[in-house]
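K.L.:
For reference, this is run.txt, and it has compact mmCIF, C-alpha atoms and all ligand atoms.
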# COMPACT_ATOMS: atom_id res chain seq x y z
CA MET Q 1 -17.38 4.86 5.24
CA LYS Q 2 -14.15 4.27 7.15
CA SER Q 3 -11.15 4.78 4.88
CA VAL Q 4 -8.18 2.45 5.26
CA VAL Q 5 -4.82 4.11 4.67
CA PHE Q 6 -2.41 1.76 6.37
CA LYS Q 7 -2.42 -1.96 7.01
CA ASP Q 8 0.26 -3.85 8.87
CA ARG Q 9 -1.50 -7.20 9.22
CA VAL Q 10 -3.27 -9.11 6.49
CA LYS Q 11 -4.26 -12.65 5.59
CA VAL Q 12 -3.54 -13.71 2.02
CA TYR Q 13 -4.43 -16.74 -0.05
CA VAL Q 14 -1.71 -17.63 -2.52
CA ASN Q 15 -2.24 -20.17 -5.25
CA ALA Q 16 0.59 -21.28 -7.47
CA GLY Q 17 -0.29 -22.39 -11.00
CA ASN Q 18 -1.14 -26.00 -11.85
CA GLY Q 19 1.05 -27.83 -14.29
CA GLY Q 20 -0.44 -28.38 -17.74
CA ASP Q 21 -1.57 -31.90 -18.74
CA GLY Q 22 0.58 -34.00 -21.02
CA CYS Q 23 -0.77 -34.74 -24.48
CA ALA Q 24 -1.47 -38.00 -26.31
CA SER Q 25 -1.17 -37.65 -30.06
CA PHE Q 26 0.42 -39.43 -33.04
CA ARG Q 27 2.45 -38.12 -35.89
CA ARG Q 28 0.39 -38.19 -39.05
CA GLU Q 29 2.18 -37.09 -42.12
CA LYS Q 30 2.15 -37.99 -45.76
CA TYR Q 31 4.79 -40.64 -46.56
CA VAL Q 32 5.45 -41.23 -42.85
CA PRO Q 33 3.47 -44.30 -41.97
CA CYS Q 34 3.21 -45.17 -38.27
CA GLY Q 35 4.78 -41.83 -37.26
CA GLY Q 36 4.67 -42.80 -33.60
CA PRO Q 37 3.58 -40.90 -30.48
CA SER Q 38 4.17 -37.15 -30.55
CA GLY Q 39 2.31 -35.79 -27.51
CA GLY Q 40 4.27 -33.03 -25.78
CA ASP Q 41 4.63 -32.41 -22.03
CA GLY Q 42 2.53 -29.89 -20.16
CA GLY Q 43 4.10 -26.57 -19.08
CA LYS Q 44 4.93 -25.94 -15.41
CA GLY Q 45 2.64 -23.84 -13.26
CA GLY Q 46 3.87 -20.40 -12.16
CA HIS Q 47 5.44 -20.01 -8.68
CA VAL Q 48 4.35 -17.30 -6.27
CA TYR Q 49 7.12 -15.15 -4.80
CA PHE Q 50 7.13 -12.29 -2.33
CA GLN Q 51 9.65 -9.62 -3.23
CA ALA Q 52 10.64 -6.85 -0.82
CA ASP Q 53 10.48 -3.34 -2.21
CA LYS Q 54 11.73 -0.39 -0.19
CA ASN Q 55 9.20 1.92 -1.83
CA ILE Q 56 6.29 0.03 -0.29
CA ASP Q 57 5.50 0.75 3.34
CA SER Q 58 2.18 -0.94 3.98
CA LEU Q 59 0.24 -4.10 3.18
CA LEU Q 60 -2.67 -2.10 1.82
CA ASP Q 61 -2.53 -3.57 -1.69
CA LEU Q 62 -2.75 -7.10 -0.33
CA TYR Q 63 -5.56 -6.09 2.01
CA PHE Q 64 -7.64 -5.11 -1.00
CA LYS Q 65 -6.54 -8.08 -3.11
CA PRO Q 66 -5.88 -11.00 -0.76
CA HIS Q 67 -6.32 -13.74 -3.39
CA GLN Q 68 -3.18 -13.99 -5.47
CA ASN Q 69 -2.94 -16.56 -8.25
CA ALA Q 70 -0.03 -17.42 -10.51
CA ALA Q 71 -0.74 -18.61 -14.06
CA HIS Q 72 -1.35 -22.29 -14.87
CA GLY Q 73 0.91 -24.15 -17.27
CA GLY Q 74 -0.42 -24.82 -20.77
CA LYS Q 75 -1.35 -28.30 -22.03
CA GLY Q 76 1.17 -30.23 -24.08
CA GLN Q 77 0.48 -30.19 -27.82
CA SER Q 78 0.84 -32.56 -30.71
CA LYS Q 79 4.06 -32.59 -32.76
CA ASP Q 80 6.02 -32.85 -29.48
CA CYS Q 81 5.17 -29.28 -28.53
CA HIS Q 82 5.75 -28.48 -24.87
CA GLY Q 83 2.95 -26.56 -23.16
CA ARG Q 84 3.51 -22.93 -22.26
CA ASN Q 85 5.07 -22.41 -18.78
CA GLY Q 86 2.85 -20.43 -16.38
CA LYS Q 87 4.31 -17.02 -15.55
CA ASP Q 88 5.69 -16.67 -12.03
CA LEU Q 89 3.92 -14.13 -9.86
CA TYR Q 90 6.08 -11.63 -7.93
CA ILE Q 91 4.14 -9.85 -5.22
CA LYS Q 92 5.77 -6.66 -3.94
CA VAL Q 93 5.84 -6.43 -0.18
CA PRO Q 94 7.45 -3.99 2.29
CA CYS Q 95 10.84 -4.74 3.86
CA GLY Q 96 10.50 -6.14 7.38
CA LEU Q 97 7.70 -8.59 6.62
CA VAL Q 98 7.10 -11.57 8.87
CA ILE Q 99 5.13 -14.45 7.33
CA PHE Q 100 3.18 -17.08 9.29
CA HIS Q 101 1.12 -20.10 8.29
CA ALA Q 102 -2.46 -19.07 8.99
CA GLU Q 103 -3.59 -22.50 10.21
CA THR Q 104 -0.75 -23.27 12.61
CA ASP Q 105 0.62 -19.80 13.40
CA GLU Q 106 4.04 -21.29 12.68
CA GLY Q 107 6.69 -18.91 11.32
CA PHE Q 108 7.26 -19.34 7.60
CA ALA Q 109 9.80 -16.69 6.62
CA GLU Q 110 11.01 -13.14 7.14
CA ILE Q 111 11.88 -10.70 4.39
CA LEU Q 112 14.14 -7.88 5.44
CA GLU Q 113 16.26 -6.47 2.62
CA ASP Q 114 15.13 -4.54 -0.44
CA GLY Q 115 14.96 -6.88 -3.43
CA GLU Q 116 14.95 -10.05 -1.30
CA THR Q 117 12.63 -12.70 -2.72
CA CYS Q 118 10.95 -15.60 -1.03
CA LEU Q 119 9.20 -18.50 -2.76
CA VAL Q 120 5.87 -18.91 -0.99
CA ALA Q 121 3.99 -21.34 -3.25
CA LYS Q 122 5.51 -23.74 -5.78
CA GLY Q 123 3.89 -24.22 -9.13
CA GLY Q 124 2.99 -27.77 -10.21
CA CYS Q 125 5.14 -29.67 -12.72
CA GLY Q 126 3.72 -30.30 -16.16
CA GLY Q 127 2.33 -33.76 -17.03
CA LYS Q 128 4.10 -36.07 -19.47
CA GLY Q 129 3.03 -36.60 -23.06
CA ASN Q 130 2.55 -40.04 -24.59
CA CYS Q 131 6.03 -40.08 -26.22
CA HIS Q 132 7.43 -40.87 -22.75
CA PHE Q 133 5.52 -44.14 -22.55
CA VAL Q 134 6.93 -45.91 -25.55
CA THR Q 135 8.23 -49.38 -24.67
CA SER Q 136 9.49 -52.28 -26.74
CA ASP Q 137 6.12 -53.95 -26.64
CA ASN Q 138 3.96 -50.84 -26.82
CA ARG Q 139 5.09 -48.63 -29.69
CA ALA Q 140 1.88 -46.60 -29.75
CA PRO Q 141 0.94 -45.71 -26.15
CA THR Q 142 -2.01 -43.48 -25.50
CA ASP Q 143 -0.99 -42.79 -21.91
CA TRP Q 144 -0.28 -39.30 -20.60
CA THR Q 145 -0.15 -37.83 -17.10
CA PRO Q 146 -2.03 -34.85 -15.74
CA GLY Q 147 -0.21 -31.76 -14.55
CA GLU Q 148 0.62 -31.49 -10.86
CA GLN Q 149 -1.47 -29.20 -8.64
CA GLY Q 150 0.24 -25.96 -7.64
CA GLU Q 151 0.65 -25.28 -3.92
CA SER Q 152 -2.07 -23.26 -2.18
CA LYS Q 153 -1.38 -21.55 1.11
CA THR Q 154 -3.13 -19.24 3.49
CA LEU Q 155 -0.59 -16.95 5.05
CA CYS Q 156 -0.72 -14.24 7.69
CA LEU Q 157 1.56 -11.31 7.01
CA GLU Q 158 2.75 -8.95 9.68
CA LEU Q 159 4.81 -5.87 9.04
CA LYS Q 160 7.53 -4.88 11.47
CA ILE Q 161 8.94 -1.70 10.07
CA ILE Q 162 12.71 -1.46 9.78
CA ALA Q 163 14.06 1.73 11.27
CA ASP Q 164 17.18 2.72 13.20
CA VAL Q 165 15.54 4.94 15.78
CA GLY Q 166 12.09 4.83 17.38
CA LEU Q 167 10.31 7.82 18.91
CA VAL Q 168 8.37 6.84 22.00
CA GLY Q 169 6.25 9.23 24.03
CA PHE Q 170 2.86 10.16 25.39
CA PRO Q 171 0.37 11.64 22.92
CA ASN Q 172 1.03 15.34 22.26
CA ALA Q 173 4.64 15.12 23.50
CA GLY Q 174 5.87 16.43 20.15
CA LYS Q 175 7.17 13.25 18.47
CA SER Q 176 5.81 14.13 15.06
CA THR Q 177 6.99 17.74 15.38
CA LEU Q 178 10.47 16.41 16.12
CA LEU Q 179 10.37 14.05 13.11
CA ASN Q 180 9.33 17.00 10.93
CA GLN Q 181 12.41 18.89 12.11
CA LEU Q 182 14.83 16.00 11.80
CA SER Q 183 13.82 14.43 8.53
CA ASP Q 184 12.16 14.71 5.17
CA ALA Q 185 8.89 13.25 6.51
CA HIS Q 186 5.90 15.47 7.23
CA PRO Q 187 3.65 13.69 9.70
CA LYS Q 188 0.60 15.60 10.82
CA THR Q 189 0.96 17.49 14.11
CA ALA Q 190 -1.91 18.92 16.14
CA PRO Q 191 -2.64 19.93 19.73
CA TYR Q 192 -4.81 16.94 20.50
CA PRO Q 193 -3.85 13.39 21.49
CA PHE Q 194 -3.54 10.52 19.01
CA THR Q 195 -2.91 12.66 15.97
CA THR Q 196 -0.58 9.95 14.69
CA LEU Q 197 -2.51 6.72 14.18
CA ASN Q 198 -0.04 4.85 11.98
CA PRO Q 199 3.74 4.68 12.04
CA VAL Q 200 5.57 7.23 9.91
CA ILE Q 201 9.17 6.83 8.79
CA GLY Q 202 11.49 9.76 8.12
CA THR Q 203 15.03 9.64 6.80
CA VAL Q 204 17.65 11.85 8.45
CA ILE Q 205 20.46 12.74 6.05
CA PHE Q 206 23.72 13.98 7.54
CA ASP Q 207 26.29 16.32 5.92
CA ASP Q 208 28.46 13.34 4.95
CA TYR Q 209 25.40 11.68 3.33
CA GLN Q 210 25.05 9.06 6.05
CA ARG Q 211 21.39 8.19 6.53
CA LEU Q 212 19.21 6.99 9.36
CA ARG Q 213 15.57 5.99 9.41
CA VAL Q 214 13.49 7.32 12.29
CA ALA Q 215 10.06 5.86 13.13
CA ASP Q 216 7.33 7.98 14.67
CA ILE Q 217 4.62 5.81 16.22
CA PRO Q 218 1.29 6.58 17.93
CA GLY Q 219 1.39 7.89 21.50
CA LEU Q 220 1.63 5.44 24.40
CA ILE Q 221 -0.26 5.99 27.61
CA ASP Q 222 -0.28 4.42 31.03
CA GLY Q 223 -2.15 1.10 30.81
CA ALA Q 224 -1.55 0.72 27.06
CA HIS Q 225 -0.65 -2.93 27.69
CA GLN Q 226 -4.23 -3.43 28.92
CA GLY Q 227 -5.59 -1.86 25.76
CA VAL Q 228 -5.93 1.72 27.05
CA GLY Q 229 -5.66 4.35 24.29
CA LEU Q 230 -4.50 2.67 21.11
CA GLY Q 231 -3.01 -0.23 23.06
CA HIS Q 232 0.63 -1.15 22.63
CA ASP Q 233 0.47 -3.42 19.62
CA PHE Q 234 2.10 -0.84 17.36
CA LEU Q 235 5.29 -1.12 19.46
CA ARG Q 236 6.30 -3.98 17.16
CA HIS Q 237 7.21 -1.28 14.64
CA ILE Q 238 10.09 -0.18 16.86
CA GLU Q 239 11.15 -3.72 17.84
CA ARG Q 240 13.89 -3.64 15.22
CA THR Q 241 15.25 -0.22 16.09
CA LYS Q 242 18.69 0.12 17.65
CA LEU Q 243 18.01 3.26 19.64
CA LEU Q 244 14.91 4.73 21.27
CA PHE Q 245 14.12 8.36 21.97
CA PHE Q 246 11.83 8.96 24.91
CA VAL Q 247 10.18 12.22 23.92
CA ILE Q 248 8.90 13.90 27.08
CA ASP Q 249 6.66 16.97 27.24
CA MET Q 250 8.83 18.74 29.81
CA ALA Q 251 6.36 21.62 30.20
CA GLY Q 252 3.62 19.20 31.27
CA VAL Q 253 1.14 20.99 28.98
CA ASP Q 254 -1.49 18.27 29.47
CA GLY Q 255 -1.15 18.47 33.25
CA ARG Q 256 0.96 15.33 33.69
CA ASP Q 257 4.23 15.05 35.56
CA PRO Q 258 7.16 14.51 33.12
CA VAL Q 259 8.85 12.15 35.60
CA ASP Q 260 5.71 9.98 35.76
CA ASP Q 261 5.56 10.02 31.96
CA TYR Q 262 9.10 8.74 31.74
CA PHE Q 263 8.56 5.88 34.19
CA HIS Q 264 5.22 4.95 32.65
CA LEU Q 265 6.79 4.79 29.20
CA ARG Q 266 9.54 2.51 30.46
CA ASP Q 267 6.97 0.39 32.19
CA GLU Q 268 4.86 0.02 29.07
CA LEU Q 269 7.89 -1.05 27.03
CA LYS Q 270 8.70 -3.65 29.66
CA HIS Q 271 5.15 -5.01 29.51
CA TYR Q 272 5.44 -5.29 25.76
CA LYS Q 273 8.85 -6.95 25.68
CA GLU Q 274 11.65 -6.98 28.21
CA SER Q 275 14.26 -6.61 25.46
CA LEU Q 276 12.68 -3.36 24.29
CA GLU Q 277 12.99 -1.85 27.74
CA GLN Q 278 16.70 -2.70 27.74
CA ARG Q 279 17.32 -1.07 24.35
CA PRO Q 280 19.76 1.89 24.37
CA PHE Q 281 17.82 5.13 24.67
CA LEU Q 282 18.11 8.88 24.97
CA VAL Q 283 15.66 11.15 26.74
CA VAL Q 284 14.53 14.18 24.76
CA ALA Q 285 13.03 16.96 26.88
CA ASN Q 286 10.68 18.77 24.52
CA LYS Q 287 8.74 22.05 24.84
CA THR Q 288 11.57 23.73 26.74
CA ASP Q 289 10.51 27.02 25.12
CA LEU Q 290 7.67 27.11 27.68
CA PRO Q 291 8.58 28.61 31.10
CA GLU Q 292 7.32 25.65 33.20
CA ALA Q 293 9.81 23.38 31.46
CA GLN Q 294 12.85 24.74 33.33
CA THR Q 295 11.61 23.80 36.80
CA HIS Q 296 10.39 20.45 35.56
CA LEU Q 297 13.72 19.78 33.87
CA ALA Q 298 15.73 20.27 37.06
CA ASP Q 299 13.31 18.08 38.98
CA PHE Q 300 13.44 15.45 36.21
CA GLN Q 301 17.24 15.25 36.31
CA LYS Q 302 17.23 14.89 40.06
CA ARG Q 303 14.56 12.21 40.26
CA THR Q 304 15.48 10.10 37.24
CA GLU Q 305 19.26 10.67 37.19
CA GLU Q 306 18.95 11.06 33.42
CA THR Q 307 20.43 13.96 31.46
CA PRO Q 308 17.92 14.75 28.74
CA LEU Q 309 18.60 16.60 25.52
CA ALA Q 310 16.65 19.82 26.05
CA ILE Q 311 14.93 20.96 22.87
CA SER Q 312 11.95 22.77 21.48
CA ALA Q 313 10.83 20.85 18.42
CA ASP Q 314 8.25 23.50 17.62
CA GLN Q 315 10.78 26.35 17.63
CA GLY Q 316 13.57 24.26 16.12
CA LEU Q 317 15.78 24.78 19.19
CA GLY Q 318 18.34 22.10 20.05
CA ILE Q 319 17.66 20.02 16.94
CA GLU Q 320 21.36 20.00 16.11
CA LYS Q 321 21.99 18.39 19.53
CA VAL Q 322 19.63 15.58 18.63
CA GLN Q 323 21.26 15.16 15.22
CA GLY Q 324 24.71 15.15 16.86
CA ALA Q 325 23.68 12.54 19.41
CA LEU Q 326 22.22 10.38 16.64
CA TYR Q 327 25.32 10.68 14.54
CA HIS Q 328 27.54 9.88 17.48
CA HIS Q 329 25.51 6.80 18.39
CA PHE Q 330 25.45 5.30 14.91
CA PHE Q 331 28.72 6.52 13.41
CA PRO Q 332 30.95 6.99 16.46
CA LYS Q 333 34.03 9.21 16.25
CA ASP Q 334 36.24 10.41 19.13
CA MET Q 335 33.43 12.21 20.93
CA THR Q 336 31.26 11.38 23.87
CA CYS Q 337 27.56 11.86 24.18
CA GLN Q 338 28.23 14.66 26.68
CA ASP Q 339 29.61 16.82 23.83
CA TYR Q 340 26.08 17.18 22.57
CA LEU Q 341 24.32 17.99 25.82
N1 LIG J 401 5.30 25.02 22.81
C1 LIG J 401 5.66 23.93 22.14
N2 LIG J 401 4.73 23.19 21.53
C2 LIG J 401 5.15 22.08 20.89
C3 LIG J 401 6.50 21.70 20.81
N3 LIG J 401 6.59 20.55 20.10
C4 LIG J 401 5.34 20.24 19.73
N4 LIG J 401 4.47 21.15 20.19
C5 LIG J 401 3.02 21.16 19.98
O1 LIG J 401 2.44 20.04 20.63
C6 LIG J 401 1.33 19.57 19.90
C7 LIG J 401 1.47 18.08 19.68
O2 LIG J 401 2.58 17.84 18.82
P1 LIG J 401 2.72 16.51 17.96
O3 LIG J 401 4.04 16.58 17.30
O4 LIG J 401 1.51 16.31 17.14
O5 LIG J 401 2.72 15.46 19.13
P2 LIG J 401 2.82 13.85 19.02
O6 LIG J 401 3.70 13.40 20.13
O7 LIG J 401 3.20 13.46 17.67
O8 LIG J 401 1.33 13.46 19.36
P3 LIG J 401 0.51 12.16 18.91
O9 LIG J 401 0.66 11.99 17.44
O10 LIG J 401 -0.87 12.47 19.29
O11 LIG J 401 1.06 11.01 19.69
C8 LIG J 401 1.28 20.36 18.60
O12 LIG J 401 0.30 21.36 18.74
C9 LIG J 401 2.65 20.98 18.52
O13 LIG J 401 2.64 22.24 17.85
C10 LIG J 401 7.47 22.52 21.48
O14 LIG J 401 8.66 22.29 21.46
N5 LIG J 401 6.97 23.63 22.11
MG MG J 402 2.23 12.39 16.24
Could you quickly redo this structure as structure tokens?

P.N.:
Amino acid sequence: MKSVVFKDRVKVYVNAGNGGDGCASFRREKYVPCGGPSGGDGGKGGHVYFQADKNIDSLLDLYFKPHQNAAHGGKGQSKDCHGRNGKDLYIKVPCGLVIFHAETDEGFAEILEDGETCLVAKGGCGGKGNCHFVTSDNRAPTDWTPGEQGESKTLCLELKIIADVGLVGFPNAGKSTLLNQLSDAHPKTAPYPFTTLNPVIGTVIFDDYQRLRVADIPGLIDGAHQGVGLGHDFLRHIERTKLLFFVIDMAGVDGRDPVDDYFHLRDELKHYKESLEQRPFLVVANKTDLPEAQTHLADFQKRTEETPLAISADQGLGIEKVQGALYHHFFPKDMTCQDYL
């Protein structure tokens, strides 16, 4: 059986609670003749809210439980007792959630910040008890109104992870190895392509306790926009980043030309979204511990006119240059990027 460990797109059915019916009853008490109507109102139905929680990073829970129902309101009772209000339902969702109406594909809302809540389905109001219908010529009404129906919606949820930096590269370029070195995350690394199948977020913590979130995503290959490899759909997870790292296997271990890799990566980003291709970026030349990397590096600089940060993620060489460049980009002081090259 295929195990599901990550879900970034789900369809959910949310049902808010119905309002409780109003009640028709009359006060009957010893020594109180003609006590009058005493039917209470129904309680309101519970609302359904989405609430962003930074400790949740996937829509897996909703994938396994797509039907979410808030409680109905209780019926009104005699002796003017109001029905119990239905409890609101708060569904925890990851930050960076985009919500669409399933039928029309129309945008409904976006939830970005931790703790942010969004009302997605309104509970129905409670019905009125018979005490509301007393008039001068009808002192003993038996009328009451039913509770209102709660809203029901079918929504499509799409997660666009919120990170500051996105790692983009061909499979096996060393993206996950770099994230292991930079952050507290421990994505799996292995010498075969497509080791990373789902985005992984790592937090880089600097000496002055500043923090940045770095997203490692699956490898991109030439033709990804036509569905080759894992396609390019997962690029939406770096849409919200402010800086991209093009991680290039400078030793060409898999027999590709690093310059071609670089141009293909840029091309794939452009096919996905023009704005992503124009995002600020840095080129990281990885695997420079291998002898072939030096010749490739010189050729790369000449042909692309880029000055990559030369590192070996596996050996931990040059990691401080990457950290410095990151720090400089996000928390600029009086330094230039060249200081880190
Ligand atoms: N020699 C050398 N090998 C490296 C270096 N960085 C990563 N590797 C190796 O390259 C292989 C692939 O590394 P990963 O970090 O899994 O590559 P990835 O880019 O995350 O690959 P996918 O998840 O498949 O996209 C692993 O066997 C690493 O040990 C490096 O600097 N030097
Ligand atoms: Mg990986």

K.L.:
Smallest atom-to-atom distance to Ser312 (chain Q): which of Q:Asp299, Q:Glu106, Q:Asp289, Q:Asp8, using only C-alpha atoms?

P.N.:
Q:Asp289

K.L.:
Kindly indicate which residue among Q:Pro141, Q:Pro199, Q:Pro258, Q:Gly74 lies nearest to ligand MG 402 (chain J), using only C-alpha atoms and all ligand atoms for the distances.

P.N.:
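Checking each candidate against ligand MG 402 (chain J), we get Q:Pro199 as the closest.
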
K.L.:
As a PyMOL selection string, please: every protein or nucleic acid residue near ligand MG 402 (chain J) (cut-off 12 Å, counting only C-alpha atoms and all ligand atoms).

P.N.:
chain Q and resi 167-180+185-201+215-220+247

K.L.:
Might you pull out every residue within 8 Å of Leu62 (chain Q), with all atoms listed in the file counted and same-chain residues fewer than 3 positions away left off, and present them as a ChimeraX atom specification?

P.N.:
/Q:10,12,59,65-66

K.L.:
Enclose ligand LIG 401 (chain J), meaning all of its atoms listed in the file, in a box aligned along x, y and z, pad it by 3 Å on each side, and list the centre and edge lengths in Å to one decimal, as AutoDock Vina command-line options.

P.N.:
--center_x 3.9 --center_y 18.0 --center_z 20.0 --size_x 15.5 --size_y 20.0 --size_z 11.7

K.L.:
Provide the atom O2 of ligand LIG 401 (chain J) to CA of Lys287 (chain Q) distance in Å, to one decimal place.

P.N.:
9.6 Å

K.L.:
Between Q:Ala313, Q:Trp144, Q:Lys273, Q:Tyr327, which residue has the minimum interatomic distance to ligand LIG 401 (chain J), considering all atoms listed in the file?

P.N.:
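Smallest distance to ligand LIG 401 (chain J) is found for Q:Ala313.
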
K.L.:
Using only C-alpha atoms and all ligand atoms, can you tell me which of Q:Gly73, Q:Pro308, Q:Gly324, Q:Gly229 comes closest to ligand LIG 401 (chain J)?

P.N.:
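Ranking Q:Gly73, Q:Pro308, Q:Gly324, Q:Gly229 by distance to ligand LIG 401 (chain J), first place goes to Q:Gly229.
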
K.L.:
Find the residue from Q:Gln294, Q:Thr307, Q:Asn69, Q:Thr288 that sits nearest to ligand LIG 401 (chain J); use all atoms listed in the file when measuring.

P.N.:
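The shortest atom-to-atom distance to ligand LIG 401 (chain J) comes from Q:Thr288.
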
K.L.:
Can you pull out the residues contacting Ile161 (chain Q)? Cut-off 10 Å, using only C-alpha atoms, and skip same-chain residues under 3 positions away; I want them as number ranges by chain.

P.N.:
Q: 8, 57-58, 94-97, 112, 158, 164, 199-201, 215, 236-241

K.L.:
Just want the 12 Å neighbourhood of Tyr90 (chain Q), counted on all atoms listed in the file, with same-chain residues fewer than 5 positions away dropped. Output as an mmCIF file with C-alpha atoms, in the coordinates of the input.

P.N.:
data_model
loop_
_atom_site.group_PDB
_atom_site.id
_atom_site.type_symbol
_atom_site.label_atom_id
_atom_site.label_comp_id
_atom_site.auth_asym_id
_atom_site.auth_seq_id
_atom_site.Cartn_x
_atom_site.Cartn_y
_atom_site.Cartn_z
ATOM 1 C CA VAL Q 14 -1.710 -17.630 -2.520
ATOM 2 C CA ALA Q 16 0.590 -21.280 -7.470
ATOM 3 C CA GLY Q 46 3.870 -20.400 -12.160
ATOM 4 C CA HIS Q 47 5.440 -20.010 -8.680
ATOM 5 C CA VAL Q 48 4.350 -17.300 -6.270
ATOM 6 C CA TYR Q 49 7.120 -15.150 -4.800
ATOM 7 C CA PHE Q 50 7.130 -12.290 -2.330
ATOM 8 C CA GLN Q 51 9.650 -9.620 -3.230
ATOM 9 C CA ALA Q 52 10.640 -6.850 -0.820
ATOM 10 C CA ASP Q 53 10.480 -3.340 -2.210
ATOM 11 C CA GLN Q 68 -3.180 -13.990 -5.470
ATOM 12 C CA ASN Q 69 -2.940 -16.560 -8.250
ATOM 13 C CA ALA Q 70 -0.030 -17.420 -10.510
ATOM 14 C CA ALA Q 71 -0.740 -18.610 -14.060
ATOM 15 C CA GLY Q 115 14.960 -6.880 -3.430
ATOM 16 C CA GLU Q 116 14.950 -10.050 -1.300
ATOM 17 C CA THR Q 117 12.630 -12.700 -2.720
ATOM 18 C CA CYS Q 118 10.950 -15.600 -1.030
ATOM 19 C CA LEU Q 119 9.200 -18.500 -2.760
ATOM 20 C CA VAL Q 120 5.870 -18.910 -0.990
ATOM 21 C CA ALA Q 121 3.990 -21.340 -3.250
#

K.L.:
If we count only C-alpha atoms, what is near Tyr262 (chain Q) at a cut-off of 8 Å, once residues fewer than 3 positions away on the same chain are taken out, given as a list in words?

P.N.:
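Counting only C-alpha atoms, the residues come to Phe246, Ile248, Pro258, Val259, Leu265 and Arg266 of chain Q.
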
K.L.:
With only C-alpha atoms as the counted atoms, please give the residues lying no more than 6 Å from Ile99 (chain Q), apart from itself and same-chain residues fewer than 6 positions off, as a PyMOL selection string.

P.N.:
chain Q and resi 108-109+156-157

K.L.:
I need the residue nearest Tyr63 (chain Q) from this list: Q:Leu182, Q:Val214, Q:Val93, Q:Leu235. Use all atoms listed in the file for the distance.

P.N.:
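Counting all atoms listed in the file, the residue closest to Tyr63 (chain Q) is Q:Val93.
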
K.L.:
Which distance in Å separates atom O2 of ligand LIG 401 (chain J) and CA of Val284 (chain Q), to one decimal?

P.N.:
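Straight-line distance from atom O2 of ligand LIG 401 (chain J) to CA of Val284 (chain Q) works out to 13.8 Å.
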
K.L.:
Kindly give the distance, in Å, that separates CA of His72 (chain Q) and CA of Asn18 (chain Q), rounded to a single decimal.

P.N.:
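Between CA of His72 (chain Q) and CA of Asn18 (chain Q) the gap is 4.8 Å.
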